[in-house]
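File shown here: input-v7.txt, holding compact mmCIF, C-alpha atoms.
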# COMPACT_ATOMS: atom_id res chain seq x y z
CA MET H 1 -16.64 -29.66 3.95
CA ASN H 2 -16.60 -29.59 7.73
CA GLU H 3 -17.13 -26.51 9.87
CA ASP H 4 -13.48 -26.32 11.04
CA LEU H 5 -12.18 -26.29 7.47
CA ASN H 6 -14.71 -23.61 6.48
CA SER H 7 -13.62 -21.54 9.46
CA ILE H 8 -9.94 -21.86 8.50
CA LEU H 9 -10.67 -20.98 4.86
CA GLN H 10 -12.65 -17.93 5.98
CA LYS H 11 -9.76 -16.79 8.20
CA LEU H 12 -7.37 -17.17 5.27
CA SER H 13 -9.72 -15.15 3.10
CA ASN H 14 -10.01 -12.42 5.74
CA TYR H 15 -6.24 -12.09 6.17
CA THR H 16 -5.68 -11.98 2.41
CA GLN H 17 -8.72 -10.04 1.20
CA ASN H 18 -6.75 -7.72 -1.09
CA TYR H 19 -4.31 -10.33 -2.39
CA ALA H 20 -4.53 -11.94 -5.79
CA ILE H 21 -5.81 -15.51 -5.57
CA GLY H 22 -2.73 -16.81 -7.42
CA GLN H 23 -0.47 -15.13 -4.85
CA ILE H 24 -2.34 -16.74 -1.95
CA ILE H 25 -2.08 -20.21 -3.46
CA ALA H 26 1.59 -19.77 -4.39
CA GLU H 27 2.50 -18.58 -0.89
CA LEU H 28 0.61 -21.47 0.73
CA HIS H 29 2.57 -23.88 -1.45
CA VAL H 30 5.78 -22.26 -0.16
CA VAL H 31 4.63 -22.73 3.45
CA VAL H 32 3.67 -26.38 2.93
CA GLU H 33 6.86 -27.20 1.02
CA ARG H 34 9.15 -25.53 3.57
CA LEU H 35 7.44 -27.18 6.52
CA GLU H 36 7.73 -30.55 4.81
CA PHE H 37 11.32 -29.99 3.65
CA VAL H 38 12.54 -29.48 7.19
CA LYS H 39 10.22 -32.20 8.50
CA PHE H 40 8.67 -29.57 10.77
CA LYS H 41 6.73 -31.02 13.67
CA PRO H 42 5.59 -28.65 16.37
CA GLY H 43 6.53 -30.05 19.75
CA HIS H 44 4.01 -30.05 22.56
CA LYS H 45 6.50 -28.25 24.79
CA ASP H 46 7.15 -25.44 22.28
CA SER H 47 5.52 -22.17 23.22
CA HIS H 48 3.61 -20.20 20.59
CA GLU H 49 6.49 -17.69 20.55
CA GLU H 50 9.04 -20.45 19.89
CA LEU H 51 6.92 -21.85 17.05
CA LEU H 52 6.47 -18.36 15.59
CA SER H 53 10.21 -17.82 15.75
CA GLN H 54 10.91 -21.13 13.98
CA ILE H 55 8.30 -20.40 11.30
CA ALA H 56 9.61 -16.85 10.81
CA TYR H 57 13.10 -18.28 10.29
CA LEU H 58 11.84 -20.82 7.72
CA LEU H 59 9.75 -18.33 5.78
CA ASP H 60 11.69 -15.10 6.27
CA ARG H 61 10.95 -12.58 3.50
CA ASP H 62 9.08 -15.08 1.34
CA LEU H 63 5.54 -14.41 2.50
CA SER H 64 3.19 -11.48 2.61
CA PRO H 65 2.07 -10.09 5.97
CA GLY H 66 -1.44 -11.54 5.56
CA ILE H 67 -0.20 -15.10 5.07
CA LEU H 68 2.17 -14.73 8.03
CA GLU H 69 -0.72 -13.51 10.19
CA PHE H 70 -2.79 -16.48 9.03
CA VAL H 71 0.02 -18.87 10.02
CA ARG H 72 0.40 -17.04 13.34
CA GLU H 73 -3.31 -17.56 14.08
CA LEU H 74 -3.06 -21.26 13.20
CA ILE H 75 -0.21 -21.56 15.69
CA GLU H 76 -2.18 -19.78 18.39
CA GLU H 77 -5.18 -22.05 17.77
CA GLU H 78 -2.89 -25.09 17.69
CA SER H 79 -4.07 -25.88 14.17
CA LEU H 80 -0.75 -25.60 12.31
CA GLU H 81 -0.94 -29.29 11.32
CA VAL H 82 -3.37 -28.25 8.58
CA LEU H 83 -0.30 -26.93 6.69
CA ILE H 84 2.07 -29.84 7.32
CA GLY H 85 2.72 -32.80 4.98
CA ASP H 86 -0.25 -34.50 3.34
CA ASN H 87 -2.62 -32.28 5.33
CA GLY H 88 -0.95 -29.22 3.79
CA ARG H 89 -1.23 -30.54 0.25
CA THR H 90 -4.87 -31.46 0.82
CA PHE H 91 -5.54 -28.05 2.35
CA THR H 92 -4.03 -26.21 -0.63
CA GLY H 93 -6.36 -28.24 -2.85
CA TYR H 94 -9.31 -27.05 -0.78
CA VAL H 95 -8.00 -23.49 -0.99
CA GLU H 96 -7.80 -23.71 -4.77
CA ALA H 97 -11.37 -25.04 -4.95
CA TYR H 98 -12.61 -22.43 -2.47
CA PHE H 99 -11.09 -19.50 -4.36
CA SER H 100 -12.04 -20.85 -7.80
CA GLU H 101 -15.63 -19.92 -6.90
CA LYS H 102 -14.69 -16.35 -5.94
CA LYS H 103 -14.91 -13.40 -8.29
CA GLN H 104 -11.65 -11.46 -8.49
CA VAL H 105 -11.51 -7.87 -9.68
CA ILE H 106 -8.07 -6.35 -10.24
CA PHE H 107 -7.58 -2.59 -10.31
CA ARG H 108 -4.17 -2.10 -11.95
CA THR H 109 -2.28 1.19 -11.88
CA ALA H 110 1.22 2.31 -12.84
CA VAL H 111 2.03 3.53 -9.32
CA HIS H 112 0.93 2.73 -5.79
CA MET H 113 -2.15 4.57 -4.65
CA SER H 114 -2.55 5.94 -1.14
CA LYS H 115 -4.77 3.99 1.25
CA PRO H 116 -7.52 6.67 1.20
CA VAL H 117 -7.63 6.52 -2.61
CA GLU H 118 -7.67 2.70 -2.54
CA ARG H 119 -10.61 2.79 -0.10
CA LEU H 120 -12.47 5.22 -2.35
CA VAL H 121 -11.87 3.07 -5.45
CA GLN H 122 -12.81 -0.06 -3.52
CA ALA H 123 -16.09 1.51 -2.37
CA LYS H 124 -16.96 2.47 -5.96
CA LEU H 125 -16.09 -0.99 -7.26
CA MET H 126 -18.19 -2.61 -4.54
CA ASP H 127 -21.17 -0.67 -5.92
CA ILE H 128 -20.57 -2.33 -9.30
CA PHE H 129 -19.43 -5.85 -8.39
CA PRO H 130 -20.99 -8.37 -6.00
CA VAL H 131 -20.13 -7.95 -2.32
CA SER H 132 -18.30 -11.29 -2.28
CA SER H 133 -15.84 -10.09 -4.95
CA ARG H 134 -12.18 -9.89 -4.04
CA ILE H 135 -10.89 -6.48 -5.05
CA VAL H 136 -7.14 -6.54 -5.59
CA PHE H 137 -4.90 -3.57 -6.26
CA GLU H 138 -1.86 -4.23 -8.45
CA VAL H 139 0.95 -2.01 -9.64
CA ASP H 140 2.20 -2.48 -13.19
CA PRO H 141 4.60 0.31 -14.23
CA SER H 142 4.42 -0.85 -17.86
CA ILE H 143 0.97 0.72 -18.27
CA GLY H 144 2.61 4.15 -17.96
CA ALA H 145 -0.33 5.96 -16.39
CA GLY H 146 -4.06 5.52 -15.96
CA PHE H 147 -5.64 2.27 -14.86
CA MET H 148 -6.96 -1.08 -16.02
CA LEU H 149 -9.86 -3.01 -14.53
CA VAL H 150 -9.68 -6.79 -14.89
CA ASP H 151 -12.66 -8.96 -13.95
CA ASN H 152 -11.78 -12.67 -13.55
CA GLY H 153 -8.99 -12.37 -16.09
CA ASN H 154 -10.88 -10.26 -18.65
CA ALA H 155 -10.00 -6.60 -19.13
CA VAL H 156 -13.28 -4.73 -18.78
CA ALA H 157 -11.83 -1.21 -18.76
CA ASP H 158 -8.46 -0.12 -20.06
CA TYR H 159 -7.61 3.51 -19.56
CA SER H 160 -3.86 2.95 -19.56
CA LEU H 161 -1.45 5.24 -21.35
CA ARG H 162 0.15 2.17 -22.94
CA THR H 163 -3.11 1.14 -24.64
CA LYS H 164 -3.94 4.72 -25.66
CA VAL H 165 -0.52 5.15 -27.30
CA VAL H 166 -0.75 1.83 -29.12
CA LYS H 167 -4.21 2.71 -30.46
CA LEU H 168 -3.05 6.16 -31.51
CA ILE H 169 -0.07 4.70 -33.39
CA GLU H 170 -2.27 2.09 -35.08
CA ARG H 171 -4.76 4.78 -36.12
CA ARG H 172 -2.00 7.02 -37.50
CA ILE H 173 -0.50 4.13 -39.46
CA ARG H 174 -3.91 3.25 -40.95
CA GLU H 175 -4.50 6.89 -41.88
CA HIS H 176 -1.09 7.08 -43.51
CA VAL H 177 -1.57 3.82 -45.44
CA VAL H 178 -5.06 4.76 -46.61
CA ARG H 179 -3.88 8.09 -48.06

Can you present the structure in this file as structure tokens?
Amino acid sequence: MNEDLNSILQKLSNYTQNYAIGQIIAELHVVVERLEFVKFKPGHKDSHEELLSQIAYLLDRDLSPGILEFVRELIEEESLEVLIGDNGRTFTGYVEAYFSEKKQVIFRTAVHMSKPVERLVQAKLMDIFPVSSRIVFEVDPSIGAGFMLVDNGNAVADYSLRTKVVKLIERRIREHVVR
């Protein structure tokens, strides 16, 4: 892989550090598909602001702030062609390969945590997991309360109210049946 591609992948990773890998890939597919659908070709006379305005119109409300910032930087560096047409499809393939090698740790709670609490949790998780791990915070109201820790798709800690209630019910049913 050449140095320019590595640099672009690293920028993407930096802008999306706390995003789930699946979300990053899905949003990149949206960008590539929209740019291709409208046969988007940045003109040499378009200013960065005009390009940003056109892109914002195409992608309004469909992308996270990190992906939009990544696209904005590509425009400023005049590298947007990496997301257009065949280049875009090839790039998303590289992104998938790049992130397939990354460890992803998901800290799932029932409600949003404040930024100071997220930073505290992230610092503790970084003591446990390798520095290169992507630590992602997700909200899943169905867990009721507590938290779940998922490491590359495997639940390694489940302190959710949902799981505790299910286990309690199962235990009570077994006790009742055994009697």

Against stretch 19-24 of chain H, which residues of stretch 52-157 of chain H fall within 12 Å? For each one I want the closest pair of atoms and the distance in Å (one decimal), counting all atoms listed in the file, rows by chain and increasing residue number, as a tab-separated table.
residue	atom	partner	partner_atom	distance
H:Asp62	CA	H:Gln23	CA	11.4
H:Leu63	CA	H:Ile24	CA	9.3
H:Ser64	CA	H:Ile24	CA	8.9
H:Pro65	CA	H:Tyr19	CA	10.5
H:Gly66	CA	H:Tyr19	CA	8.5
H:Ile67	CA	H:Ile24	CA	7.5
H:Leu68	CA	H:Ile24	CA	11.1
H:Phe70	CA	H:Ile24	CA	11.0
H:Thr92	CA	H:Ile24	CA	9.7
H:Val95	CA	H:Ile24	CA	8.9
H:Glu96	CA	H:Ile21	CA	8.5
H:Ala97	CA	H:Ile21	CA	11.1
H:Tyr98	CA	H:Ile21	CA	10.2
H:Phe99	CA	H:Ile21	CA	6.7
H:Ser100	CA	H:Ile21	CA	8.5
H:Glu101	CA	H:Ile21	CA	10.8
H:Lys102	CA	H:Ile21	CA	8.9
H:Lys103	CA	H:Ile21	CA	9.7
H:Gln104	CA	H:Ala20	CA	7.6
H:Val105	CA	H:Ala20	CA	9.0
H:Ile106	CA	H:Ala20	CA	8.0
H:Phe107	CA	H:Ala20	CA	10.8
H:Arg108	CA	H:Ala20	CA	11.6
H:Ser133	CA	H:Ile21	CA	11.4
H:Arg134	CA	H:Tyr19	CA	8.1
H:Ile135	CA	H:Tyr19	CA	8.1
H:Val136	CA	H:Tyr19	CA	5.7
H:Phe137	CA	H:Tyr19	CA	7.8
H:Glu138	CA	H:Ala20	CA	8.6
H:Val139	CA	H:Ala20	CA	12.0
H:Val150	CA	H:Ala20	CA	11.7
H:Asp151	CA	H:Ala20	CA	11.9
H:Asn152	CA	H:Ile21	CA	10.4
H:Gly153	CA	H:Ala20	CA	11.2

Distance in Å - atom CA of H:Leu59 versus atom CA of H:Arg34 |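 Distance reported for this atom pair: 7.6 Å.
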
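Proximity to H:Glu73 was assessed for H:Ser7, H:Gln122, H:Ser114, H:Asn18 counting all atoms listed in the file; the smallest distance is recorded for H:Ser7.
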
Using all atoms listed in the file, which of H:Ala145, H:Leu51, H:Leu5, H:Val30 sits nearest H:Arg162?
->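 Closest to H:Arg162 of all the choices is H:Ala145.
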
Å distance separating atom CA of H:Thr163 from atom CA of H:Asp127, one decimal place =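 Rounded to one decimal, the two atoms are 26.1 Å apart.
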
Using all atoms listed in the file, find the one residue out of H:Lys124, H:Arg89, H:Lys41, H:Lys11 that sits nearest to H:Ile25.
-> H:Arg89
